[in-house]
Amino acid sequence: MSTPDRAPEAQMTDPARLGVVQARPMTYEEFLAWEPEGGLTEWIGGEGVQYMPASNVHQRVVNLLITLLNLFLSAGRLGKVFSGPYTLRAAAGGNAREPDIFVALADNPGEETHKQFIGPADIVIEVISDDSVYRDRVTKFDEYEAAGVREYWLIDPRPGRQRADFYVRDAQSRYYAVPLGAEGVFRSTVLPGFWLRADWLWQESPDIAAIYEAIKGR
C-alpha cells in the first residue's frame with residue numbers, strides 16, 4: 001500500500017497552520033454564516049479558519065479541471081462538479097472542508113444544500129500551494145480516506161515540483177496510489193471513460209477544447 005508523501009514539509013512545527021490568515025472559535029452554524037473576504041475558509045475542530053488566496057498557477061489548474069469535468073459530466077448527465085467556496089462535510093459531525101474541486105455522481109446519496117454538501121464526495125481534488133502541502137498530503141488525505149471519498153487527486157503545479165498523484169480506495173477502504181499509465185495517463189475508476197495526461201496540467205495556455213475532444217475520442 002502506498003502512503004502520501006509526508007516529507008520534508010510534514011516535519012515542520014504545526015504545518016497545518018501554514019497560510020492561516022485568521023482563526024476563531026465558532027459553532028458550525030456560525031461558520032456557515034461567516035463571510036470573510038478572500039481566501040479559502042474551513043471549519044476545523046470548532047474553529048473557522050481563513051487561509052491565504054491561491055496563486056495564478058493554482059487557479060489555472062483548477063479552472064482546467066473544472067471545465068473538463070463539467071463538460072464530461074454534463075454530456076452524460078452523470079453528476080455535478082463543485083468548487084470553493086462551496087463546502088464539503090464528508091463525515092457526519094466532522095470538519096467542513098473547502099476542496100478545490102469535488103464531484104458528486106448522480107447516484108451519490110449525499111445531501112446537497114445551499115451552502116454545503118453533506119456526505120463523502122465521489123472524487124475530491126486538491127491543488128497544492130506552498131502553504132497547503134501538509135494539509136493536502138496528510139490531514140485531508142486521512143480525513144477523506146476515513147470519510148469514504150472514493151478517489152483523491154493531488155495535483156502539485158508548483159514550478160520545479162510538478163507532480164500528480166491519484167489515490168483510489170482498496171477492499172480495506174484504504175487509499176492506494178494508482179501509477180500513471182503510458183504517456184503519463186491516469187484513468188478514473190469512479191468516472192469510467194474520463195482520463196487525463198499529467199502534462200496537460202502543466203501547460204500555461206492549455207487548449208481546453210482540444211483536450212476535451214481527446215478525452216471524448218478515447
# chains A, B, ... in the order shown; residues from 1 in each chain; ligands from 1
$ residues_around --residues "Thr87 of chain A" --least-positions-apart "3" --cutoff "8 Å" --atoms "only C-alpha atoms" --output "ChimeraX atom specification"
/A:42,84,96-99,115-117
$ write_last_selection --atoms "C-alpha atoms" --output "PDB file, in the first residue's frame"
ATOM      1  CA  GLU A  42     -12.833  25.828   6.533  1.00  0.00           C
ATOM      2  CA  GLY A  84     -14.841  26.592  -3.415  1.00  0.00           C
ATOM      3  CA  ALA A  96     -16.112  21.203   6.967  1.00  0.00           C
ATOM      4  CA  ARG A  97     -13.591  21.482   4.144  1.00  0.00           C
ATOM      5  CA  GLU A  98     -13.482  23.606   1.035  1.00  0.00           C
ATOM      6  CA  PRO A  99     -11.853  21.371  -1.580  1.00  0.00           C
ATOM      7  CA  LYS A 115     -24.090  26.161   1.327  1.00  0.00           C
ATOM      8  CA  GLN A 116     -22.741  22.639   1.735  1.00  0.00           C
ATOM      9  CA  PHE A 117     -22.659  19.069   0.520  1.00  0.00           C
TER      10      PHE A 117
END
$ select_by_dssp --residues "segment 95-173 of chain A" --states "alpha helix (DSSP H)" --output "PyMOL selection string"
chain A and resi 133-134+140-147
$ write_last_selection --atoms "N, CA and C atoms" --output "PDB file, in the first residue's frame"
ATOM      1  N   VAL A 133       0.790  22.004   1.651  1.00  0.00           N
ATOM      2  CA  VAL A 133       1.368  20.672   1.431  1.00  0.00           C
ATOM      3  C   VAL A 133       0.941  19.698   2.530  1.00  0.00           C
ATOM      4  N   TYR A 134       1.133  20.074   3.772  1.00  0.00           N
ATOM      5  CA  TYR A 134       0.796  19.177   4.879  1.00  0.00           C
ATOM      6  C   TYR A 134      -0.708  18.939   4.950  1.00  0.00           C
ATOM      7  N   LYS A 140      -5.857  16.171   5.141  1.00  0.00           N
ATOM      8  CA  LYS A 140      -7.028  15.914   4.307  1.00  0.00           C
ATOM      9  C   LYS A 140      -6.998  14.499   3.727  1.00  0.00           C
ATOM     10  N   PHE A 141      -5.816  14.010   3.409  1.00  0.00           N
ATOM     11  CA  PHE A 141      -5.693  12.627   2.942  1.00  0.00           C
ATOM     12  C   PHE A 141      -6.365  11.685   3.941  1.00  0.00           C
ATOM     13  N   ASP A 142      -6.018  11.823   5.210  1.00  0.00           N
ATOM     14  CA  ASP A 142      -6.575  10.948   6.249  1.00  0.00           C
ATOM     15  C   ASP A 142      -8.079  11.161   6.406  1.00  0.00           C
ATOM     16  N   GLU A 143      -8.514  12.423   6.381  1.00  0.00           N
ATOM     17  CA  GLU A 143      -9.941  12.715   6.543  1.00  0.00           C
ATOM     18  C   GLU A 143     -10.772  12.145   5.400  1.00  0.00           C
ATOM     19  N   TYR A 144     -10.332  12.379   4.188  1.00  0.00           N
ATOM     20  CA  TYR A 144     -11.099  11.909   3.037  1.00  0.00           C
ATOM     21  C   TYR A 144     -11.124  10.385   2.966  1.00  0.00           C
ATOM     22  N   GLU A 145     -10.012   9.766   3.299  1.00  0.00           N
ATOM     23  CA  GLU A 145      -9.955   8.306   3.313  1.00  0.00           C
ATOM     24  C   GLU A 145     -10.950   7.747   4.335  1.00  0.00           C
ATOM     25  N   ALA A 146     -10.920   8.301   5.555  1.00  0.00           N
ATOM     26  CA  ALA A 146     -11.801   7.809   6.619  1.00  0.00           C
ATOM     27  C   ALA A 146     -13.270   8.071   6.307  1.00  0.00           C
ATOM     28  N   ALA A 147     -13.560   9.169   5.618  1.00  0.00           N
ATOM     29  CA  ALA A 147     -14.948   9.539   5.341  1.00  0.00           C
ATOM     30  C   ALA A 147     -15.554   8.732   4.205  1.00  0.00           C
TER      31      ALA A 147
END
$ select_by_dssp --residues "segment 9-202 of chain A" --states "strand (DSSP E)" --output "ChimeraX atom specification"
/A:20-25,41-44,47-51,79-83,87-89,101-105,111-112,116-118,123-127,151-156,163-169,175-177,185-187,195-197
$ residues_around --residues "segment 107-112 of chain A" --least-positions-apart "2" --cutoff "10 Å" --atoms "only C-alpha atoms" --output "JSON, numbers by chain"
{"A": [78, 79, 87, 88, 89, 90, 103, 104, 105, 114, 115, 116, 117, 118, 119, 120, 121, 122]}
$ atom_distance --atom1 "atom CA of Ala209 of chain A" --atom2 "atom CA of Pro53 of chain A"
27.8 Å
$ atom_distance --atom1 "atom CA of Tyr176 of chain A" --atom2 "atom CA of Val190 of chain A"
14.1 Å
$ closest_residue --among "A:Leu154, A:Ala23, A:Leu73, A:Ala182" --to "Leu40 of chain A" --atoms "only C-alpha atoms"
A:Ala23
$ closest_residue --among "A:Ile101, A:Leu191, A:Ala92, A:Ile125" --to "Phe72 of chain A" --atoms "only C-alpha atoms"
A:Leu191
$ residues_around --residues "segment 196-200 of chain A" --least-positions-apart "4" --cutoff "6 Å" --atoms "only C-alpha atoms" --output "PyMOL selection string"
chain A and resi 184-186
$ write_last_selection --atoms "N, CA and C atoms" --output "compact mmCIF listing (two decimals), in the first residue's frame"
# COMPACT_ATOMS: atom_id res chain seq x y z
N GLY A 184 1.94 8.95 -19.36
CA GLY A 184 1.55 9.68 -18.16
C GLY A 184 0.06 9.85 -18.00
N VAL A 185 -0.70 8.82 -18.38
CA VAL A 185 -2.16 8.90 -18.36
C VAL A 185 -2.73 8.29 -17.08
N PHE A 186 -3.69 8.99 -16.48
CA PHE A 186 -4.49 8.44 -15.38
C PHE A 186 -5.91 8.22 -15.88
